[in-house]
file work-v7.cif (mmCIF, C-alpha atoms and all ligand atoms)
data_upload
#
loop_
_atom_site.group_PDB
_atom_site.id
_atom_site.type_symbol
_atom_site.label_atom_id
_atom_site.label_comp_id
_atom_site.auth_asym_id
_atom_site.auth_seq_id
_atom_site.Cartn_x
_atom_site.Cartn_y
_atom_site.Cartn_z
ATOM 1 C CA MET C 1 93.244 81.033 102.474
ATOM 2 C CA GLU C 2 94.657 80.858 98.984
ATOM 3 C CA MET C 3 97.041 83.647 98.101
ATOM 4 C CA LEU C 4 95.931 85.983 95.299
ATOM 5 C CA ILE C 5 98.507 87.585 93.024
ATOM 6 C CA ALA C 6 96.805 90.058 90.708
ATOM 7 C CA ALA C 7 98.324 91.898 87.764
ATOM 8 C CA ASN C 8 97.017 95.413 87.222
ATOM 9 C CA TRP C 9 98.090 96.280 83.694
ATOM 10 C CA LYS C 10 96.542 99.753 83.877
ATOM 11 C CA MET C 11 96.511 101.457 80.455
ATOM 12 C CA HIS C 12 98.996 99.024 78.935
ATOM 13 C CA LYS C 13 98.680 96.229 76.383
ATOM 14 C CA THR C 14 96.741 95.932 73.181
ATOM 15 C CA ALA C 15 94.601 92.830 72.752
ATOM 16 C CA ALA C 16 97.428 91.173 70.791
ATOM 17 C CA GLU C 17 99.956 91.960 73.536
ATOM 18 C CA ALA C 18 97.588 90.611 76.180
ATOM 19 C CA VAL C 19 97.203 87.355 74.256
ATOM 20 C CA ALA C 20 100.984 86.994 73.929
ATOM 21 C CA PHE C 21 101.291 87.444 77.716
ATOM 22 C CA CYS C 22 98.524 84.875 78.360
ATOM 23 C CA GLU C 23 100.304 82.337 76.165
ATOM 24 C CA ARG C 24 103.512 82.840 78.151
ATOM 25 C CA ILE C 25 101.855 82.457 81.511
ATOM 26 C CA LYS C 26 99.957 79.346 80.402
ATOM 27 C CA VAL C 27 103.254 77.627 79.592
ATOM 28 C CA ALA C 28 104.477 78.407 83.135
ATOM 29 C CA GLU C 29 101.213 77.456 84.836
ATOM 30 C CA GLY C 30 102.521 74.181 86.242
ATOM 31 C CA ARG C 31 105.007 76.176 88.356
ATOM 32 C CA LEU C 32 102.338 78.485 89.762
ATOM 33 C CA THR C 33 100.044 75.980 91.477
ATOM 34 C CA GLY C 34 98.583 76.850 94.853
ATOM 35 C CA VAL C 35 98.376 80.549 93.991
ATOM 36 C CA GLU C 36 95.306 82.236 92.541
ATOM 37 C CA VAL C 37 96.685 84.198 89.598
ATOM 38 C CA LEU C 38 94.652 87.036 88.129
ATOM 39 C CA LEU C 39 95.221 89.322 85.140
ATOM 40 C CA CYS C 40 93.333 92.638 85.255
ATOM 41 C CA ALA C 41 93.392 93.707 81.633
ATOM 42 C CA PRO C 42 92.161 96.854 79.887
ATOM 43 C CA PHE C 43 88.545 96.581 78.671
ATOM 44 C CA THR C 44 89.625 96.324 75.035
ATOM 45 C CA ALA C 45 91.792 93.262 75.751
ATOM 46 C CA LEU C 46 89.258 91.324 77.846
ATOM 47 C CA ALA C 47 87.651 89.421 74.967
ATOM 48 C CA ALA C 48 90.943 88.244 73.513
ATOM 49 C CA ALA C 49 92.508 87.531 76.916
ATOM 50 C CA GLY C 50 89.409 85.630 78.035
ATOM 51 C CA LYS C 51 89.637 83.422 74.976
ATOM 52 C CA ALA C 52 93.379 82.919 75.398
ATOM 53 C CA LEU C 53 92.860 81.849 79.028
ATOM 54 C CA GLU C 54 90.180 79.246 78.242
ATOM 55 C CA GLY C 55 91.106 75.993 79.974
ATOM 56 C CA SER C 56 93.675 77.794 82.172
ATOM 57 C CA THR C 57 93.495 78.315 85.934
ATOM 58 C CA VAL C 58 94.669 81.918 85.443
ATOM 59 C CA LYS C 59 91.735 84.270 85.972
ATOM 60 C CA LEU C 60 90.593 87.423 84.274
ATOM 61 C CA GLY C 61 89.716 90.742 85.881
ATOM 62 C CA ALA C 62 88.767 94.275 84.845
ATOM 63 C CA GLN C 63 90.146 97.511 86.258
ATOM 64 C CA ASN C 64 86.918 99.453 86.674
ATOM 65 C CA MET C 65 83.187 99.249 86.111
ATOM 66 C CA PHE C 66 80.183 101.582 86.226
ATOM 67 C CA TRP C 67 77.600 101.426 89.013
ATOM 68 C CA GLU C 68 74.530 101.031 86.818
ATOM 69 C CA GLU C 69 73.618 97.910 84.891
ATOM 70 C CA LYS C 70 72.587 99.725 81.705
ATOM 71 C CA GLY C 71 71.463 103.098 80.431
ATOM 72 C CA ALA C 72 72.556 106.424 79.019
ATOM 73 C CA PHE C 73 76.100 106.522 80.400
ATOM 74 C CA THR C 74 78.311 107.296 77.429
ATOM 75 C CA GLY C 75 81.705 105.634 77.639
ATOM 76 C CA GLU C 76 80.947 103.515 80.703
ATOM 77 C CA ILE C 77 81.119 99.735 81.101
ATOM 78 C CA ALA C 78 78.445 97.583 82.771
ATOM 79 C CA PRO C 79 78.976 94.394 84.791
ATOM 80 C CA LEU C 80 77.286 92.192 82.193
ATOM 81 C CA MET C 81 79.666 93.499 79.529
ATOM 82 C CA LEU C 82 82.601 92.303 81.643
ATOM 83 C CA GLN C 83 81.086 88.926 82.417
ATOM 84 C CA GLU C 84 80.560 88.204 78.739
ATOM 85 C CA PHE C 85 84.284 87.486 78.475
ATOM 86 C CA GLY C 86 84.650 85.405 81.617
ATOM 87 C CA THR C 87 85.759 88.307 83.789
ATOM 88 C CA GLU C 88 85.616 87.163 87.410
ATOM 89 C CA TYR C 89 87.133 90.087 89.331
ATOM 90 C CA VAL C 90 86.964 93.861 89.084
ATOM 91 C CA ILE C 91 89.300 96.403 90.679
ATOM 92 C CA LEU C 92 87.275 99.205 92.288
ATOM 93 C CA GLY C 93 88.416 102.494 93.767
ATOM 94 C CA HIS C 94 92.008 102.326 92.581
ATOM 95 C CA SER C 95 93.792 105.473 93.735
ATOM 96 C CA GLU C 96 94.454 106.515 90.140
ATOM 97 C CA ARG C 97 90.700 106.585 89.564
ATOM 98 C CA ARG C 98 90.067 108.366 92.855
ATOM 99 C CA ARG C 99 92.816 110.929 92.266
ATOM 100 C CA ILE C 100 92.790 111.500 88.493
ATOM 101 C CA MET C 101 89.183 110.669 87.597
ATOM 102 C CA GLY C 102 87.608 112.112 90.741
ATOM 103 C CA GLU C 103 85.998 108.934 92.079
ATOM 104 C CA ASP C 104 84.919 109.466 95.645
ATOM 105 C CA ASP C 105 83.947 107.086 98.440
ATOM 106 C CA ALA C 106 80.251 107.278 97.499
ATOM 107 C CA MET C 107 80.925 106.271 93.893
ATOM 108 C CA VAL C 108 83.170 103.417 94.978
ATOM 109 C CA ARG C 109 80.401 102.233 97.304
ATOM 110 C CA ARG C 110 77.850 102.214 94.481
ATOM 111 C CA LYS C 111 80.248 100.310 92.238
ATOM 112 C CA LEU C 112 80.958 97.779 94.966
ATOM 113 C CA GLU C 113 77.262 97.109 95.536
ATOM 114 C CA THR C 114 76.678 96.698 91.799
ATOM 115 C CA ALA C 115 79.608 94.310 91.438
ATOM 116 C CA LEU C 116 78.395 92.166 94.347
ATOM 117 C CA ARG C 117 74.838 92.144 93.026
ATOM 118 C CA ASN C 118 76.149 90.904 89.683
ATOM 119 C CA ARG C 119 78.474 88.296 91.175
ATOM 120 C CA LEU C 120 81.660 90.003 90.100
ATOM 121 C CA LYS C 121 84.351 89.787 92.769
ATOM 122 C CA PRO C 122 85.495 93.277 93.733
ATOM 123 C CA ILE C 123 89.047 94.153 94.684
ATOM 124 C CA LEU C 124 88.417 97.227 96.805
ATOM 125 C CA CYS C 125 91.463 99.522 96.821
ATOM 126 C CA VAL C 126 92.197 101.739 99.797
ATOM 127 C CA GLY C 127 95.250 103.686 100.870
ATOM 128 C CA GLU C 128 96.539 107.012 102.105
ATOM 129 C CA THR C 129 98.365 109.720 100.172
ATOM 130 C CA GLU C 130 101.828 110.881 101.157
ATOM 131 C CA ALA C 131 100.418 114.048 102.760
ATOM 132 C CA GLU C 132 97.923 112.010 104.775
ATOM 133 C CA GLN C 133 100.689 109.706 105.927
ATOM 134 C CA GLU C 134 102.872 112.654 106.953
ATOM 135 C CA ARG C 135 99.996 114.066 108.974
ATOM 136 C CA GLY C 136 99.580 110.720 110.744
ATOM 137 C CA GLU C 137 96.170 110.134 109.194
ATOM 138 C CA THR C 138 96.753 106.692 107.663
ATOM 139 C CA ASP C 139 94.468 104.787 110.030
ATOM 140 C CA ALA C 140 91.699 107.368 109.788
ATOM 141 C CA VAL C 141 91.817 107.353 105.972
ATOM 142 C CA LEU C 142 91.668 103.553 105.827
ATOM 143 C CA GLU C 143 88.809 103.464 108.314
ATOM 144 C CA ARG C 144 86.875 106.074 106.327
ATOM 145 C CA GLN C 145 87.393 104.318 102.984
ATOM 146 C CA VAL C 146 86.524 100.871 104.340
ATOM 147 C CA SER C 147 83.438 101.961 106.216
ATOM 148 C CA ALA C 148 82.153 104.072 103.297
ATOM 149 C CA ALA C 149 82.423 100.957 101.144
ATOM 150 C CA LEU C 150 81.064 98.349 103.543
ATOM 151 C CA LYS C 151 78.833 99.845 106.223
ATOM 152 C CA GLY C 152 75.390 98.268 106.196
ATOM 153 C CA LEU C 153 76.155 95.667 103.532
ATOM 154 C CA ASP C 154 74.842 92.150 103.921
ATOM 155 C CA PRO C 155 77.666 90.171 105.606
ATOM 156 C CA ALA C 156 76.890 87.167 103.385
ATOM 157 C CA ALA C 157 77.407 89.280 100.257
ATOM 158 C CA VAL C 158 80.862 90.439 101.319
ATOM 159 C CA ALA C 159 82.168 87.020 102.353
ATOM 160 C CA GLY C 160 85.405 86.383 100.492
ATOM 161 C CA LEU C 161 85.913 90.071 99.686
ATOM 162 C CA VAL C 162 89.367 91.205 98.574
ATOM 163 C CA VAL C 163 90.707 94.543 99.822
ATOM 164 C CA ALA C 164 93.987 95.915 98.480
ATOM 165 C CA TYR C 165 96.004 98.190 100.741
ATOM 166 C CA GLU C 166 97.802 100.484 98.339
ATOM 167 C CA PRO C 167 99.506 103.516 99.853
ATOM 168 C CA VAL C 168 99.316 106.124 97.093
ATOM 169 C CA TRP C 169 102.913 107.207 97.683
ATOM 170 C CA ALA C 170 104.133 103.659 97.039
ATOM 171 C CA ILE C 171 102.436 103.170 93.664
ATOM 172 C CA GLY C 172 104.863 103.246 90.767
ATOM 173 C CA THR C 173 107.535 104.985 92.846
ATOM 174 C CA GLY C 174 109.859 102.088 93.633
ATOM 175 C CA LYS C 175 109.301 102.948 97.314
ATOM 176 C CA ALA C 176 107.239 100.101 98.783
ATOM 177 C CA ALA C 177 105.746 100.272 102.264
ATOM 178 C CA SER C 178 107.634 98.371 104.936
ATOM 179 C CA PRO C 179 106.164 94.923 105.627
ATOM 180 C CA ALA C 180 105.463 96.018 109.214
ATOM 181 C CA ASP C 181 103.485 99.056 108.047
ATOM 182 C CA ALA C 182 101.576 96.929 105.521
ATOM 183 C CA ALA C 183 100.690 94.448 108.271
ATOM 184 C CA ALA C 184 99.537 97.253 110.562
ATOM 185 C CA ALA C 185 97.402 98.726 107.784
ATOM 186 C CA ALA C 186 95.876 95.309 107.091
ATOM 187 C CA GLU C 187 94.889 95.063 110.765
ATOM 188 C CA VAL C 188 93.253 98.493 110.632
ATOM 189 C CA ILE C 189 91.370 97.486 107.459
ATOM 190 C CA LYS C 190 90.144 94.247 109.011
ATOM 191 C CA SER C 191 89.003 95.903 112.245
ATOM 192 C CA ALA C 192 87.168 98.604 110.304
ATOM 193 C CA ALA C 193 85.543 95.948 108.109
ATOM 194 C CA ALA C 194 84.555 93.902 111.156
ATOM 195 C CA ARG C 195 82.784 96.945 112.616
ATOM 196 C CA CYS C 196 80.795 97.223 109.372
ATOM 197 C CA VAL C 197 79.895 93.631 108.548
ATOM 198 C CA GLY C 198 80.876 91.619 111.610
ATOM 199 C CA ALA C 199 83.887 89.530 112.501
ATOM 200 C CA ALA C 200 82.623 86.366 110.813
ATOM 201 C CA ALA C 201 82.433 87.976 107.358
ATOM 202 C CA VAL C 202 85.949 89.345 107.801
ATOM 203 C CA GLU C 203 87.407 85.912 108.502
ATOM 204 C CA THR C 204 87.207 85.086 104.790
ATOM 205 C CA MET C 205 88.441 88.513 103.668
ATOM 206 C CA ARG C 206 91.806 88.671 101.919
ATOM 207 C CA VAL C 207 93.963 91.781 102.232
ATOM 208 C CA LEU C 208 96.492 92.317 99.463
ATOM 209 C CA TYR C 209 99.418 94.710 99.504
ATOM 210 C CA GLY C 210 100.053 96.892 96.437
ATOM 211 C CA GLY C 211 102.648 99.546 95.645
ATOM 212 C CA SER C 212 106.045 98.870 94.051
ATOM 213 C CA VAL C 213 105.827 95.116 94.575
ATOM 214 C CA THR C 214 108.686 93.268 92.821
ATOM 215 C CA PRO C 215 109.965 89.685 92.612
ATOM 216 C CA ALA C 216 112.577 90.757 95.200
ATOM 217 C CA ASN C 217 110.230 92.143 97.853
ATOM 218 C CA ILE C 218 107.023 90.082 97.382
ATOM 219 C CA GLY C 219 108.207 87.405 99.815
ATOM 220 C CA SER C 220 108.454 89.841 102.705
ATOM 221 C CA PHE C 221 104.788 90.800 102.267
ATOM 222 C CA VAL C 222 103.129 87.446 101.679
ATOM 223 C CA ALA C 223 105.092 85.847 104.524
ATOM 224 C CA LEU C 224 103.026 88.028 106.884
ATOM 225 C CA PRO C 225 99.894 86.392 108.280
ATOM 226 C CA GLN C 226 97.943 89.617 107.656
ATOM 227 C CA ILE C 227 98.724 89.792 103.902
ATOM 228 C CA HIS C 228 97.147 87.322 101.485
ATOM 229 C CA GLY C 229 98.676 88.392 98.201
ATOM 230 C CA ALA C 230 99.515 91.406 96.092
ATOM 231 C CA LEU C 231 98.200 93.790 93.462
ATOM 232 C CA VAL C 232 101.066 94.350 91.068
ATOM 233 C CA GLY C 233 101.404 97.119 88.490
ATOM 234 C CA GLY C 234 104.815 97.694 86.895
ATOM 235 C CA ALA C 235 106.238 94.254 87.722
ATOM 236 C CA SER C 236 103.254 92.553 86.061
ATOM 237 C CA LEU C 237 103.814 93.957 82.587
ATOM 238 C CA GLU C 238 106.529 91.527 81.504
ATOM 239 C CA ALA C 239 105.524 87.866 81.674
ATOM 240 C CA ASP C 240 108.924 86.727 82.994
ATOM 241 C CA SER C 241 108.916 89.289 85.790
ATOM 242 C CA PHE C 242 105.357 88.409 86.795
ATOM 243 C CA ILE C 243 106.028 84.657 86.710
ATOM 244 C CA ASN C 244 109.166 85.126 88.838
ATOM 245 C CA LEU C 245 107.170 87.216 91.267
ATOM 246 C CA ILE C 246 104.525 84.499 91.666
ATOM 247 C CA ILE C 247 107.195 81.837 92.142
ATOM 248 C CA ALA C 248 108.913 83.998 94.790
ATOM 249 C CA ALA C 249 105.571 84.460 96.556
ATOM 250 C CA ARG C 250 104.957 80.704 96.552
ATOM 251 C CA GLU C 251 108.371 80.017 97.960
ATOM 252 C CA ALA C 252 107.917 82.570 100.746
ATOM 253 C CA VAL C 253 104.861 80.780 102.111
ATOM 254 C CA SER C 254 105.885 77.172 101.541
HETATM 255 P P1 LIG Z 1 102.891 99.396 91.024
HETATM 256 O O1 LIG Z 1 101.301 99.629 90.930
HETATM 257 O O2 LIG Z 1 103.116 97.923 91.312
HETATM 258 O O3 LIG Z 1 103.406 99.792 89.657
HETATM 259 O O4 LIG Z 1 103.400 100.266 92.117
HETATM 260 C C1 LIG Z 1 100.425 98.954 91.794
HETATM 261 C C2 LIG Z 1 99.006 99.394 91.557
HETATM 262 O O5 LIG Z 1 98.771 100.560 91.252
HETATM 263 O O6 LIG Z 1 98.067 98.578 91.663
#

call {"tool": "encode", "arguments": {"input": "work-v7.cif", "output": "structure tokens"}}
result
Amino acid sequence: MEMLIAANWKMHKTAAEAVAFCERIKVAEGRLTGVEVLLCAPFTALAAAGKALEGSTVKLGAQNMFWEEKGAFTGEIAPLMLQEFGTEYVILGHSERRRIMGEDDAMVRRKLETALRNRLKPILCVGETEAEQERGETDAVLERQVSAALKGLDPAAVAGLVVAYEPVWAIGTGKAASPADAAAAAEVIKSAAARCVGAAAVETMRVLYGGSVTPANIGSFVALPQIHGALVGGASLEADSFINLIIAAREAVS
């Protein structure tokens, strides 16, 4: 399975800054072969980034999407609006959206179904908070989030799904999960997914790790058979840092 290294720029980068980043990464592209590289840009930068990435193997993603295809939903973004710019992936259920914007499991489920129906590839984010971890509830939280998202879905539709394990306490804190804990979480995610859509559909599922991933620690995650890449926030904002991170990931698996 090809490794996926995804940048999550969050609420950073104007369109001009996104284009400058794309130009930098295109120059380095020859050193990034064998890795699927994805840039999840803010909505307002998608058009410019999509154009800048034309002819490149680097892919474009969005960070959120609404669950309806059109209608009276002021301020929301529909799948077709993302696809117009060549957007291939969409992050769904990121913990910042769950925690700050009040997205719950039911909303994430609706978004996931809409993305799949519209042939956008979802990156489903799951992960426990610090309090949940301290109470020993990590596995239960992951099982709840995965089954709320996947239960009853057509196994064919979820083939190739990407799930990102992002412990909330590790995001932006400089305190990454241990590789062993990330591997254990990935196993829990896969078992929960298999109960929902069957073992065959899960065979093509990629589990990413996210939360304080850096060029220095990426190797210890992607070297694990359970982890197929990373969702990277802070270390994806500077082109040099992100390129170094991808090169380190490549080296760890080669
Ligand atoms: P971080 O963010 O790499 O800055 O911890 C990861 C994420 O939120 O996806």

call {"tool": "closest_atom_pairs", "arguments": {"input": "work-v7.cif", "of": "chain C", "to": "ligand LIG 1 (chain Z)", "cutoff": "9 Å", "atoms": "all atoms listed in the file", "output": "JSON lines"}}
result
{"residue": "C:Ala6", "atom": "CA", "partner": "Z:LIG1", "partner_atom": "O6", "distance": 8.7}
{"residue": "C:Ala7", "atom": "CA", "partner": "Z:LIG1", "partner_atom": "O6", "distance": 7.7}
{"residue": "C:Asn8", "atom": "CA", "partner": "Z:LIG1", "partner_atom": "O6", "distance": 5.6}
{"residue": "C:Trp9", "atom": "CA", "partner": "Z:LIG1", "partner_atom": "O6", "distance": 8.3}
{"residue": "C:Lys10", "atom": "CA", "partner": "Z:LIG1", "partner_atom": "O5", "distance": 7.7}
{"residue": "C:His94", "atom": "CA", "partner": "Z:LIG1", "partner_atom": "O5", "distance": 7.1}
{"residue": "C:Ser95", "atom": "CA", "partner": "Z:LIG1", "partner_atom": "O5", "distance": 7.4}
{"residue": "C:Glu96", "atom": "CA", "partner": "Z:LIG1", "partner_atom": "O5", "distance": 7.4}
{"residue": "C:Cys125", "atom": "CA", "partner": "Z:LIG1", "partner_atom": "O6", "distance": 8.4}
{"residue": "C:Ala164", "atom": "CA", "partner": "Z:LIG1", "partner_atom": "O6", "distance": 8.4}
{"residue": "C:Glu166", "atom": "CA", "partner": "Z:LIG1", "partner_atom": "O6", "distance": 6.9}
{"residue": "C:Val168", "atom": "CA", "partner": "Z:LIG1", "partner_atom": "O5", "distance": 8.1}
{"residue": "C:Trp169", "atom": "CA", "partner": "Z:LIG1", "partner_atom": "O4", "distance": 8.9}
{"residue": "C:Ala170", "atom": "CA", "partner": "Z:LIG1", "partner_atom": "O4", "distance": 6.0}
{"residue": "C:Ile171", "atom": "CA", "partner": "Z:LIG1", "partner_atom": "O4", "distance": 3.4}
{"residue": "C:Gly172", "atom": "CA", "partner": "Z:LIG1", "partner_atom": "O4", "distance": 3.6}
{"residue": "C:Thr173", "atom": "CA", "partner": "Z:LIG1", "partner_atom": "O4", "distance": 6.3}
{"residue": "C:Gly174", "atom": "CA", "partner": "Z:LIG1", "partner_atom": "O4", "distance": 6.9}
{"residue": "C:Lys175", "atom": "CA", "partner": "Z:LIG1", "partner_atom": "O4", "distance": 8.3}
{"residue": "C:Ala176", "atom": "CA", "partner": "Z:LIG1", "partner_atom": "O4", "distance": 7.7}
{"residue": "C:Tyr209", "atom": "CA", "partner": "Z:LIG1", "partner_atom": "O6", "distance": 8.8}
{"residue": "C:Gly210", "atom": "CA", "partner": "Z:LIG1", "partner_atom": "C1", "distance": 5.1}
{"residue": "C:Gly211", "atom": "CA", "partner": "Z:LIG1", "partner_atom": "O4", "distance": 3.7}
{"residue": "C:Ser212", "atom": "CA", "partner": "Z:LIG1", "partner_atom": "O4", "distance": 3.6}
{"residue": "C:Val213", "atom": "CA", "partner": "Z:LIG1", "partner_atom": "O2", "distance": 5.1}
{"residue": "C:Thr214", "atom": "CA", "partner": "Z:LIG1", "partner_atom": "O2", "distance": 7.4}
{"residue": "C:Ala230", "atom": "CA", "partner": "Z:LIG1", "partner_atom": "O6", "distance": 8.6}
{"residue": "C:Leu231", "atom": "CA", "partner": "Z:LIG1", "partner_atom": "O6", "distance": 5.1}
{"residue": "C:Val232", "atom": "CA", "partner": "Z:LIG1", "partner_atom": "O2", "distance": 4.1}
{"residue": "C:Gly233", "atom": "CA", "partner": "Z:LIG1", "partner_atom": "O2", "distance": 3.4}
{"residue": "C:Gly234", "atom": "CA", "partner": "Z:LIG1", "partner_atom": "O3", "distance": 3.7}
{"residue": "C:Ala235", "atom": "CA", "partner": "Z:LIG1", "partner_atom": "O2", "distance": 6.0}
{"residue": "C:Ser236", "atom": "CA", "partner": "Z:LIG1", "partner_atom": "O2", "distance": 7.5}

call {"tool": "atom_distance", "arguments": {"input": "work-v7.cif", "atom1": "atom CA of C:Leu124", "atom2": "atom CA of C:Met81"}}
result
19.7 Å

call {"tool": "closest_residue", "arguments": {"input": "work-v7.cif", "among": "C:Ile5, C:Met205, C:Gly75, C:Gln133", "to": "C:Val222", "atoms": "all atoms listed in the file"}}
result
C:Ile5

call {"tool": "residues_around", "arguments": {"input": "work-v7.cif", "residues": "C:Glu132", "least_positions_apart": "5", "cutoff": "12 Å", "atoms": "only C-alpha atoms", "output": "compact mmCIF listing (two decimals) with C-alpha atoms, keeping the file's coordinate frame"}}
result
# COMPACT_ATOMS: atom_id res chain seq x y z
CA GLY C 127 95.25 103.69 100.87
CA GLU C 137 96.17 110.13 109.19
CA THR C 138 96.75 106.69 107.66
CA ASP C 139 94.47 104.79 110.03
CA ALA C 140 91.70 107.37 109.79
CA VAL C 141 91.82 107.35 105.97
CA LEU C 142 91.67 103.55 105.83
CA PRO C 167 99.51 103.52 99.85
CA VAL C 168 99.32 106.12 97.09
CA TRP C 169 102.91 107.21 97.68

call {"tool": "closest_residue", "arguments": {"input": "work-v7.cif", "among": "C:Leu120, C:Ala216, C:Ala72, C:Val108", "to": "C:Glu251", "atoms": "only C-alpha atoms"}}
result
C:Ala216

call {"tool": "resolve_selection", "arguments": {"input": "work-v7.cif", "expression": "the PyMOL selection byres (((chain C and resi 88) around 10) and not hetatm)", "output": "count of residues only"}}
result
17

call {"tool": "atom_distance", "arguments": {"input": "work-v7.cif", "atom1": "atom CA of C:Glu23", "atom2": "atom CA of C:Ile246"}}
result
16.2 Å

call {"tool": "closest_residue", "arguments": {"input": "work-v7.cif", "among": "C:Leu153, C:Ala180, C:Ala239, C:Leu80", "to": "C:Ala201", "atoms": "only C-alpha atoms"}}
result
C:Leu153

call {"tool": "closest_residue", "arguments": {"input": "work-v7.cif", "among": "C:Leu208, C:Met1, C:Ala252, C:Leu150", "to": "C:Arg195", "atoms": "all atoms listed in the file"}}
result
C:Leu150

call {"tool": "atom_distance", "arguments": {"input": "work-v7.cif", "atom1": "atom CA of C:Ile91", "atom2": "atom CA of C:Met65"}}
result
8.1 Å

call {"tool": "closest_residue", "arguments": {"input": "work-v7.cif", "among": "C:Ala78, C:Leu237, C:Leu161, C:Ala223", "to": "C:Val202", "atoms": "all atoms listed in the file"}}
result
C:Leu161

call {"tool": "axis_aligned_box", "arguments": {"input": "work-v7.cif", "around": "stretch 88-91 of chain C", "padding_each_side": "6 Å", "output": "lines of an AutoDock Vina configuration file"}}
result
center_x = 87.5
center_y = 91.8
center_z = 89.0
size_x = 15.7
size_y = 21.2
size_z = 15.3

call {"tool": "residues_near_point", "arguments": {"input": "work-v7.cif", "point": "(76.6, 104.6, 89.2)", "cutoff": "8 Å", "atoms": "only C-alpha atoms", "output": "ChimeraX atom specification"}}
result
/C:66-68,107,110-111

call {"tool": "decode", "arguments": {"input": "work-v7.cif", "residues": "stretch 46-57 of chain C", "atoms": "N, CA, C and O atoms", "output": "mmCIF file, in the first residue's frame"}}
result
data_model
loop_
_atom_site.group_PDB
_atom_site.id
_atom_site.type_symbol
_atom_site.label_atom_id
_atom_site.label_comp_id
_atom_site.auth_asym_id
_atom_site.auth_seq_id
_atom_site.Cartn_x
_atom_site.Cartn_y
_atom_site.Cartn_z
ATOM 1 N N LEU C 46 -7.844 26.774 -2.642
ATOM 2 C CA LEU C 46 -7.942 25.560 -3.463
ATOM 3 C C LEU C 46 -7.804 25.860 -4.958
ATOM 4 O O LEU C 46 -7.114 25.132 -5.677
ATOM 5 N N ALA C 47 -8.452 26.918 -5.418
ATOM 6 C CA ALA C 47 -8.413 27.211 -6.860
ATOM 7 C C ALA C 47 -6.967 27.464 -7.299
ATOM 8 O O ALA C 47 -6.485 26.860 -8.265
ATOM 9 N N ALA C 48 -6.300 28.332 -6.574
ATOM 10 C CA ALA C 48 -4.931 28.695 -6.957
ATOM 11 C C ALA C 48 -3.986 27.505 -6.786
ATOM 12 O O ALA C 48 -3.128 27.248 -7.648
ATOM 13 N N ALA C 49 -4.154 26.755 -5.694
ATOM 14 C CA ALA C 49 -3.273 25.601 -5.466
ATOM 15 C C ALA C 49 -3.526 24.527 -6.517
ATOM 16 O O ALA C 49 -2.591 23.906 -7.032
ATOM 17 N N GLY C 50 -4.789 24.327 -6.873
ATOM 18 C CA GLY C 50 -5.130 23.335 -7.892
ATOM 19 C C GLY C 50 -4.463 23.665 -9.220
ATOM 20 O O GLY C 50 -3.921 22.785 -9.896
ATOM 21 N N LYS C 51 -4.461 24.933 -9.556
ATOM 22 C CA LYS C 51 -3.836 25.365 -10.806
ATOM 23 C C LYS C 51 -2.315 25.191 -10.721
ATOM 24 O O LYS C 51 -1.683 24.686 -11.640
ATOM 25 N N ALA C 52 -1.762 25.569 -9.578
ATOM 26 C CA ALA C 52 -0.306 25.459 -9.405
ATOM 27 C C ALA C 52 0.153 23.998 -9.464
ATOM 28 O O ALA C 52 1.283 23.711 -9.857
ATOM 29 N N LEU C 53 -0.713 23.079 -9.061
ATOM 30 C CA LEU C 53 -0.322 21.659 -9.019
ATOM 31 C C LEU C 53 -0.616 20.911 -10.319
ATOM 32 O O LEU C 53 -0.354 19.710 -10.407
ATOM 33 N N GLU C 54 -1.152 21.622 -11.318
ATOM 34 C CA GLU C 54 -1.446 20.952 -12.598
ATOM 35 C C GLU C 54 -0.175 20.300 -13.140
ATOM 36 O O GLU C 54 0.889 20.919 -13.149
ATOM 37 N N GLY C 55 -0.283 19.044 -13.556
ATOM 38 C CA GLY C 55 0.873 18.345 -14.104
ATOM 39 C C GLY C 55 1.795 17.771 -13.030
ATOM 40 O O GLY C 55 2.815 17.165 -13.336
ATOM 41 N N SER C 56 1.434 17.964 -11.752
ATOM 42 C CA SER C 56 2.253 17.449 -10.645
ATOM 43 C C SER C 56 1.600 16.195 -10.078
ATOM 44 O O SER C 56 0.386 15.995 -10.220
ATOM 45 N N THR C 57 2.375 15.351 -9.426
ATOM 46 C CA THR C 57 1.785 14.170 -8.780
ATOM 47 C C THR C 57 1.269 14.522 -7.385
ATOM 48 O O THR C 57 0.607 13.706 -6.741
#
